[in-house]
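See below for the structure under consideration.
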Amino acid sequence: MSASVTECTNLLGLPRPALEAYVAQLGSKPFRARQLMNWIYKRGAGSFADMTDLAKELRARLTAAAEVRAPQIVSVQRSADGTRKWLLKADAAQAFEMVFIPEPDRGTLCISSQVGCALDCSFCATAQQGFNRNLSTAEIVGQVWLAARELEREEQQRLGAGAPTAPAAPGDERHVTNVVLMGMGEPLANFRNVVPALDILLDDFGFDLSRRRVTLSTSGLVPQIYRLAEETNVALAVSLHAPDDALRNELVPINRKHPIAQLLQACWHYLDEGNGRSVTFEYVMLDGVNDSPAQARALARLLKGHPAKVNLIPFNTFPGTRYRCSSVSAIQRFRDELLQRGLLATIRRTRGDDIDAACGQLAGRVIDRTTVRLGNKLIGVAVQP
Ligand code: SAH
């Protein structure tokens with residue numbers, strides 16, 4: 001055997017307590033961890049040489065033993081509406097996507113938690129690709145770090161005298177103010193890596209985002225929602241998509257394991273533990289499948305009296321799908337039925353569909369490793385402890 005290669009520690013994946021332990025191990029005081037976080041997350045530094053208020057010796061040790069490594073960019077696409085989609089490299093054969101959606105009052109980054117997805121929702125492009133692996137904490141946090149840097153770089157380029165690109169539209173938000181875990185993957189199936197990533201997003205010395213501006217979206221892994229309630233307090237969104245179990249079993253197969261009544265109980269528990277004021281229920285609008293007024297009324301009965309918001313998502317199409325999006329009038333009628341029954345309901349504006357960056361269109365490059373399927377029934381989902 002050749003001499004062993006010592007691996008660099010990627011600081012991007014380390015929440016504050018772990019980073020404190022790490023700098024202590026290098027012989028420095030714990031407060032150095034806060035300084036480091038400040039450089040990495042607030043100032044976007046990727047090189048220890050730039051961190052001028054750290055002792056020279058510590059900088060040298062870090063340079064030898066550690067790194068700040070985000071996923072590599074394979075390509076970037078820009079939509080006519082300003083939405084950007086980046087294809088990022090997970091490893092030689094795998095890639096995943098993240099999307100930035102600028103709005104006048106905020107900039108939302110939609111990040112991935114897995115390469116592919118094992119949950120097999122029937123209307124989702126990611127599901128068609130199957131599942132390859134969980135993203136690491138560094139790869140999850142690294143998306144936010146990378147997007148912030150790229151947006152800053154674009155801004156500098158625009159301001160630079162050299163080659164000005166298109167001028168910013170008035171109020172066009174250029175920076176990441178909100179993060180949603182609504183990209184590829186099921187975040188609660190990657191609990192062990194996602195929770196520390198959330199810690200870093202919320203940490204005052206990390207990205208310092210308010211808990212209301214970080215949203216985790218789940219297809220409904222009930223036991224993990226209970227665990228999440230104990231470990232974090234970000235906003236929760238749940239992909240409901242149907243008002244009854246028979247239909248939800250078909251659209252979101254994990255419902256066979258965790259039916260609607262149990263899922264809703266877990267949601268109310270999440271709020272009871274002081275984690276926000278309401279749960280957002282996502283509902284994709286599928287023509288002739290889940291979009292009738294009677295189904296809207298059934299949905300209202302299910303949620304009425306609870307702290308719930310409904311977000312209606314026009315279905316985004318992709319090659320090979322058997323679904324079509326509901327008509328504009330059906331979507332509006334559905335919303336009105338909900339509003340009339342006292343529920344808060346909004347229609348999500350589709351962004352970035354010209355570059356396949358809209359909800360459910362993220363595909364990346366996934367080599368499927370899921371072999372535990374039996375017909376169309378999902379019999380095993382790799383859910384990590
Ligand atoms: N696995 C998580 C997060 C990823 S999907 C979840 O299921 O919530 C983010 C949202 O996009 C989910 O509500 C998902 O159901 C929705 N979605 C998936 N495919 C879609 C499509 N083709 N059109 C519109 N929304 C879709």
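Chain lettering (A, B, ...) mirrors the order of the structure tokens, residue numbering begins at 1 for each chain separately, and ligand numbering begins at 1 in order of display.
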Can you work out which residues are within 7 Å of ligand 1, considering only C-alpha atoms and all ligand atoms, and then hand them over as an MDAnalysis selection string?
chainID A and resid 123:125 181:187 217:219 237:239 282:284 313:318 359:361
Mind running range 187-259 of chain A against range 38-59 of chain A at 10 Å and telling me each contacting residue's nearest atom pair with the distance in Å (one decimal), counting only C-alpha atoms, chain and number ascending, as a Markdown table?
```
| residue | atom | partner | partner_atom | distance |
| --- | --- | --- | --- | --- |
| A:Ile200 | CA | A:Tyr41 | CA | 9.1 |
| A:Leu201 | CA | A:Tyr41 | CA | 9.2 |
| A:Asp204 | CA | A:Asn38 | CA | 9.2 |
| A:Phe205 | CA | A:Asn38 | CA | 5.7 |
| A:Gly206 | CA | A:Tyr41 | CA | 5.4 |
| A:Phe207 | CA | A:Tyr41 | CA | 5.7 |
| A:Asp208 | CA | A:Lys42 | CA | 8.6 |
```
Measure the distance from CA of Ser122 in chain A to CA of Arg256 in chain A in Å and round it to one decimal.
13.8 Å
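With CA of Gln295 in chain A on one side and CA of Gln265 in chain A on the other, the separation reads 20.6 Å.
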Could you please write out, as number ranges by chain, every residue of range 127-226 of chain A that DSSP assigns to strand (DSSP E)?
A: 131-134, 178-181, 214-218
Could you take the residues named above and write them with all heavy atoms, as a short mmCIF file (atom, residue, chain, number, x, y, z; two decimals), in the first residue's frame?
```cif
data_model
loop_
_atom_site.label_atom_id
_atom_site.label_comp_id
_atom_site.auth_asym_id
_atom_site.auth_seq_id
_atom_site.Cartn_x
_atom_site.Cartn_y
_atom_site.Cartn_z
N PHE A 131 -33.24 7.15 -7.63
CA PHE A 131 -32.45 7.70 -6.54
C PHE A 131 -31.02 7.25 -6.65
O PHE A 131 -30.76 6.09 -6.96
CB PHE A 131 -33.05 7.23 -5.21
CG PHE A 131 -32.22 7.57 -4.01
CD1 PHE A 131 -32.17 8.89 -3.55
CD2 PHE A 131 -31.49 6.60 -3.34
CE1 PHE A 131 -31.41 9.23 -2.45
CE2 PHE A 131 -30.73 6.94 -2.22
CZ PHE A 131 -30.69 8.25 -1.78
N ASN A 132 -30.08 8.16 -6.40
CA ASN A 132 -28.70 7.70 -6.33
C ASN A 132 -28.12 7.82 -4.94
O ASN A 132 -27.73 6.83 -4.33
CB ASN A 132 -27.81 8.42 -7.33
CG ASN A 132 -26.44 7.80 -7.34
OD1 ASN A 132 -25.61 8.13 -6.51
ND2 ASN A 132 -26.21 6.85 -8.23
N ARG A 133 -28.07 9.04 -4.39
CA ARG A 133 -27.49 9.14 -3.06
C ARG A 133 -27.91 10.42 -2.34
O ARG A 133 -28.42 11.35 -2.96
CB ARG A 133 -25.97 9.04 -3.12
CG ARG A 133 -25.27 10.27 -3.70
CD ARG A 133 -23.79 10.20 -3.33
NE ARG A 133 -22.98 11.21 -3.97
CZ ARG A 133 -22.78 12.44 -3.49
NH1 ARG A 133 -23.41 12.85 -2.40
NH2 ARG A 133 -21.98 13.28 -4.12
N ASN A 134 -27.67 10.43 -1.04
CA ASN A 134 -27.90 11.63 -0.26
C ASN A 134 -26.79 12.64 -0.53
O ASN A 134 -25.64 12.25 -0.72
CB ASN A 134 -27.85 11.29 1.24
CG ASN A 134 -29.10 10.56 1.68
OD1 ASN A 134 -30.20 10.88 1.24
ND2 ASN A 134 -28.92 9.58 2.55
N ASN A 178 -34.08 34.00 0.97
CA ASN A 178 -34.90 32.86 1.40
C ASN A 178 -34.33 31.57 0.83
O ASN A 178 -33.83 31.58 -0.30
CB ASN A 178 -36.33 33.00 0.86
CG ASN A 178 -37.08 34.17 1.47
OD1 ASN A 178 -36.60 35.30 1.46
ND2 ASN A 178 -38.25 33.90 2.00
N VAL A 179 -34.42 30.51 1.60
CA VAL A 179 -33.96 29.22 1.09
C VAL A 179 -35.10 28.22 1.24
O VAL A 179 -35.72 28.13 2.30
CB VAL A 179 -32.72 28.72 1.86
CG1 VAL A 179 -32.35 27.30 1.42
CG2 VAL A 179 -31.53 29.65 1.61
N VAL A 180 -35.39 27.49 0.17
CA VAL A 180 -36.41 26.44 0.26
C VAL A 180 -35.79 25.10 -0.14
O VAL A 180 -35.06 25.01 -1.12
CB VAL A 180 -37.64 26.75 -0.63
CG1 VAL A 180 -38.36 28.00 -0.15
CG2 VAL A 180 -37.28 26.93 -2.10
N LEU A 181 -36.05 24.08 0.67
CA LEU A 181 -35.58 22.74 0.32
C LEU A 181 -36.68 22.09 -0.52
O LEU A 181 -37.47 21.27 -0.04
CB LEU A 181 -35.24 21.91 1.56
CG LEU A 181 -33.86 22.22 2.15
CD1 LEU A 181 -33.95 23.37 3.14
CD2 LEU A 181 -33.26 21.01 2.82
N VAL A 214 -36.59 30.04 5.89
CA VAL A 214 -36.05 28.75 5.48
C VAL A 214 -37.21 27.75 5.53
O VAL A 214 -37.84 27.58 6.58
CB VAL A 214 -34.92 28.29 6.44
CG1 VAL A 214 -34.40 26.91 6.04
CG2 VAL A 214 -33.78 29.31 6.44
N THR A 215 -37.51 27.14 4.40
CA THR A 215 -38.67 26.24 4.34
C THR A 215 -38.22 24.85 3.91
O THR A 215 -37.55 24.70 2.89
CB THR A 215 -39.73 26.76 3.34
OG1 THR A 215 -40.11 28.08 3.73
CG2 THR A 215 -40.95 25.87 3.31
N LEU A 216 -38.62 23.86 4.71
CA LEU A 216 -38.36 22.48 4.33
C LEU A 216 -39.67 21.90 3.80
O LEU A 216 -40.70 21.97 4.46
CB LEU A 216 -37.87 21.70 5.55
CG LEU A 216 -37.50 20.23 5.30
CD1 LEU A 216 -36.34 19.82 6.21
CD2 LEU A 216 -38.69 19.30 5.53
N SER A 217 -39.60 21.34 2.61
CA SER A 217 -40.79 20.74 2.00
C SER A 217 -40.65 19.23 2.01
O SER A 217 -39.63 18.68 1.60
CB SER A 217 -40.93 21.24 0.56
OG SER A 217 -42.05 20.65 -0.05
N THR A 218 -41.69 18.55 2.50
CA THR A 218 -41.63 17.10 2.58
C THR A 218 -42.87 16.47 1.96
O THR A 218 -43.96 17.05 2.00
CB THR A 218 -41.49 16.60 4.03
OG1 THR A 218 -41.50 15.16 4.03
CG2 THR A 218 -42.61 17.10 4.93
#
```
Close residues, range 15-31 of chain A itself excluded, 9 Å, only C-alpha atoms, min 2 positions apart in chain, as a PyMOL selection string:
chain A and resi 11-13+33-37+58+61-62+196-197+199-200+203+205-206
Please produce a file of the residues just selected, as a PDB file, in the first residue's frame, where the atoms kept are N, CA and C atoms.
```pdb
ATOM      1  N   LEU A  11     -14.788  22.632   5.778  1.00  0.00           N
ATOM      2  CA  LEU A  11     -15.414  23.412   6.854  1.00  0.00           C
ATOM      3  C   LEU A  11     -16.863  23.768   6.543  1.00  0.00           C
ATOM      4  N   LEU A  12     -17.228  23.734   5.268  1.00  0.00           N
ATOM      5  CA  LEU A  12     -18.625  24.072   4.920  1.00  0.00           C
ATOM      6  C   LEU A  12     -19.641  23.147   5.581  1.00  0.00           C
ATOM      7  N   GLY A  13     -19.252  21.947   5.872  1.00  0.00           N
ATOM      8  CA  GLY A  13     -20.225  21.012   6.439  1.00  0.00           C
ATOM      9  C   GLY A  13     -20.305  21.034   7.954  1.00  0.00           C
ATOM     10  N   ALA A  33     -13.625  29.919  15.738  1.00  0.00           N
ATOM     11  CA  ALA A  33     -14.629  29.280  14.875  1.00  0.00           C
ATOM     12  C   ALA A  33     -15.636  30.329  14.405  1.00  0.00           C
ATOM     13  N   ARG A  34     -15.987  31.241  15.291  1.00  0.00           N
ATOM     14  CA  ARG A  34     -16.952  32.278  14.899  1.00  0.00           C
ATOM     15  C   ARG A  34     -16.335  33.216  13.857  1.00  0.00           C
ATOM     16  N   GLN A  35     -15.057  33.514  14.066  1.00  0.00           N
ATOM     17  CA  GLN A  35     -14.373  34.359  13.062  1.00  0.00           C
ATOM     18  C   GLN A  35     -14.344  33.668  11.694  1.00  0.00           C
ATOM     19  N   LEU A  36     -14.033  32.378  11.758  1.00  0.00           N
ATOM     20  CA  LEU A  36     -13.984  31.610  10.508  1.00  0.00           C
ATOM     21  C   LEU A  36     -15.338  31.597   9.811  1.00  0.00           C
ATOM     22  N   MET A  37     -16.386  31.382  10.611  1.00  0.00           N
ATOM     23  CA  MET A  37     -17.733  31.332  10.023  1.00  0.00           C
ATOM     24  C   MET A  37     -18.080  32.676   9.396  1.00  0.00           C
ATOM     25  N   LEU A  58      -2.497  29.866  12.503  1.00  0.00           N
ATOM     26  CA  LEU A  58      -3.753  29.147  12.302  1.00  0.00           C
ATOM     27  C   LEU A  58      -4.089  29.076  10.815  1.00  0.00           C
ATOM     28  N   ARG A  61      -2.099  26.387   9.318  1.00  0.00           N
ATOM     29  CA  ARG A  61      -2.599  25.042   9.677  1.00  0.00           C
ATOM     30  C   ARG A  61      -3.855  24.705   8.896  1.00  0.00           C
ATOM     31  N   LEU A  62      -4.725  25.697   8.777  1.00  0.00           N
ATOM     32  CA  LEU A  62      -5.978  25.459   8.049  1.00  0.00           C
ATOM     33  C   LEU A  62      -5.678  25.170   6.583  1.00  0.00           C
ATOM     34  N   PRO A 196     -28.073  19.424  10.269  1.00  0.00           N
ATOM     35  CA  PRO A 196     -26.913  20.317  10.473  1.00  0.00           C
ATOM     36  C   PRO A 196     -26.839  21.428   9.425  1.00  0.00           C
ATOM     37  N   ALA A 197     -27.292  21.142   8.219  1.00  0.00           N
ATOM     38  CA  ALA A 197     -27.299  22.195   7.180  1.00  0.00           C
ATOM     39  C   ALA A 197     -28.262  23.307   7.588  1.00  0.00           C
ATOM     40  N   ASP A 199     -29.029  24.088  10.614  1.00  0.00           N
ATOM     41  CA  ASP A 199     -28.362  24.806  11.718  1.00  0.00           C
ATOM     42  C   ASP A 199     -27.458  25.910  11.167  1.00  0.00           C
ATOM     43  N   ILE A 200     -26.711  25.586  10.132  1.00  0.00           N
ATOM     44  CA  ILE A 200     -25.768  26.560   9.563  1.00  0.00           C
ATOM     45  C   ILE A 200     -26.529  27.697   8.858  1.00  0.00           C
ATOM     46  N   ASP A 203     -27.813  29.843  11.876  1.00  0.00           N
ATOM     47  CA  ASP A 203     -26.838  30.343  12.852  1.00  0.00           C
ATOM     48  C   ASP A 203     -26.494  31.818  12.602  1.00  0.00           C
ATOM     49  N   PHE A 205     -23.853  33.253  13.124  1.00  0.00           N
ATOM     50  CA  PHE A 205     -22.522  33.350  12.519  1.00  0.00           C
ATOM     51  C   PHE A 205     -22.462  32.617  11.176  1.00  0.00           C
ATOM     52  N   GLY A 206     -23.547  31.935  10.837  1.00  0.00           N
ATOM     53  CA  GLY A 206     -23.627  31.261   9.545  1.00  0.00           C
ATOM     54  C   GLY A 206     -24.329  32.187   8.559  1.00  0.00           C
TER      55      GLY A 206
END
```
Determine which residues of range 153-327 of chain A receive a DSSP assignment of alpha helix (DSSP H), computed from the backbone, and state them as a VMD selection string.
chain A and resid 153 to 159 191 to 202 222 to 231 245 to 251 260 to 272 293 to 303
Those selected residues, please, written with C-alpha atoms and delivered as an mmCIF file, in the first residue's frame.
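Resulting contents of again_27.cif:
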```cif
data_model
loop_
_atom_site.group_PDB
_atom_site.id
_atom_site.type_symbol
_atom_site.label_atom_id
_atom_site.label_comp_id
_atom_site.auth_asym_id
_atom_site.auth_seq_id
_atom_site.Cartn_x
_atom_site.Cartn_y
_atom_site.Cartn_z
ATOM 1 C CA ARG A 153 -19.851 38.015 -8.888
ATOM 2 C CA GLU A 154 -22.589 38.809 -11.417
ATOM 3 C CA GLU A 155 -23.301 42.013 -9.544
ATOM 4 C CA GLN A 156 -19.636 43.014 -9.611
ATOM 5 C CA GLN A 157 -19.455 42.255 -13.326
ATOM 6 C CA ARG A 158 -22.485 44.402 -13.982
ATOM 7 C CA LEU A 159 -21.089 47.268 -11.970
ATOM 8 C CA PHE A 191 -32.335 13.788 7.960
ATOM 9 C CA ARG A 192 -28.819 13.290 9.288
ATOM 10 C CA ASN A 193 -27.260 15.669 6.753
ATOM 11 C CA VAL A 194 -30.140 18.108 6.375
ATOM 12 C CA VAL A 195 -30.530 19.093 10.040
ATOM 13 C CA PRO A 196 -26.913 20.317 10.473
ATOM 14 C CA ALA A 197 -27.299 22.195 7.180
ATOM 15 C CA LEU A 198 -30.377 23.941 8.598
ATOM 16 C CA ASP A 199 -28.362 24.806 11.718
ATOM 17 C CA ILE A 200 -25.768 26.560 9.563
ATOM 18 C CA LEU A 201 -28.439 28.409 7.550
ATOM 19 C CA LEU A 202 -29.981 29.769 10.760
ATOM 20 C CA VAL A 222 -44.342 11.268 9.466
ATOM 21 C CA PRO A 223 -41.796 9.946 12.010
ATOM 22 C CA GLN A 224 -39.205 12.389 10.706
ATOM 23 C CA ILE A 225 -41.620 15.314 11.083
ATOM 24 C CA TYR A 226 -41.839 14.475 14.806
ATOM 25 C CA ARG A 227 -38.064 14.360 15.012
ATOM 26 C CA LEU A 228 -37.725 17.582 13.085
ATOM 27 C CA ALA A 229 -40.002 19.288 15.606
ATOM 28 C CA GLU A 230 -37.392 18.579 18.274
ATOM 29 C CA GLU A 231 -34.337 19.556 16.297
ATOM 30 C CA ASP A 245 -56.048 8.598 0.820
ATOM 31 C CA ALA A 246 -57.156 6.694 -2.278
ATOM 32 C CA LEU A 247 -55.949 9.439 -4.604
ATOM 33 C CA ARG A 248 -52.924 10.374 -2.503
ATOM 34 C CA ASN A 249 -51.770 6.741 -2.493
ATOM 35 C CA GLU A 250 -51.604 7.007 -6.250
ATOM 36 C CA LEU A 251 -49.909 10.416 -6.490
ATOM 37 C CA ILE A 260 -53.282 11.725 5.535
ATOM 38 C CA ALA A 261 -54.752 11.666 9.073
ATOM 39 C CA GLN A 262 -51.369 10.721 10.567
ATOM 40 C CA LEU A 263 -49.577 13.242 8.413
ATOM 41 C CA LEU A 264 -51.841 16.085 9.523
ATOM 42 C CA GLN A 265 -51.436 15.106 13.165
ATOM 43 C CA ALA A 266 -47.667 15.329 12.754
ATOM 44 C CA CYS A 267 -48.043 18.780 11.161
ATOM 45 C CA TRP A 268 -50.127 20.150 14.022
ATOM 46 C CA HIS A 269 -47.646 18.670 16.468
ATOM 47 C CA TYR A 270 -44.839 20.486 14.648
ATOM 48 C CA LEU A 271 -46.616 23.794 15.238
ATOM 49 C CA ASP A 272 -47.566 22.930 18.846
ATOM 50 C CA PRO A 293 -64.626 21.847 -6.926
ATOM 51 C CA ALA A 294 -65.765 18.826 -4.880
ATOM 52 C CA GLN A 295 -62.113 17.985 -4.199
ATOM 53 C CA ALA A 296 -61.488 21.589 -3.167
ATOM 54 C CA ARG A 297 -64.358 21.337 -0.690
ATOM 55 C CA ALA A 298 -62.997 18.042 0.647
ATOM 56 C CA LEU A 299 -59.600 19.691 1.084
ATOM 57 C CA ALA A 300 -61.211 22.594 2.935
ATOM 58 C CA ARG A 301 -62.977 20.175 5.302
ATOM 59 C CA LEU A 302 -59.660 18.478 6.002
ATOM 60 C CA LEU A 303 -57.812 21.664 6.908
#
```
Nearest to Ala242 in chain A among A:Ala357, A:Leu286, A:Ala127, A:Leu209, with distances taken over only C-alpha atoms: which residue is it?
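Closest residue, counting only C-alpha atoms: A:Leu286.
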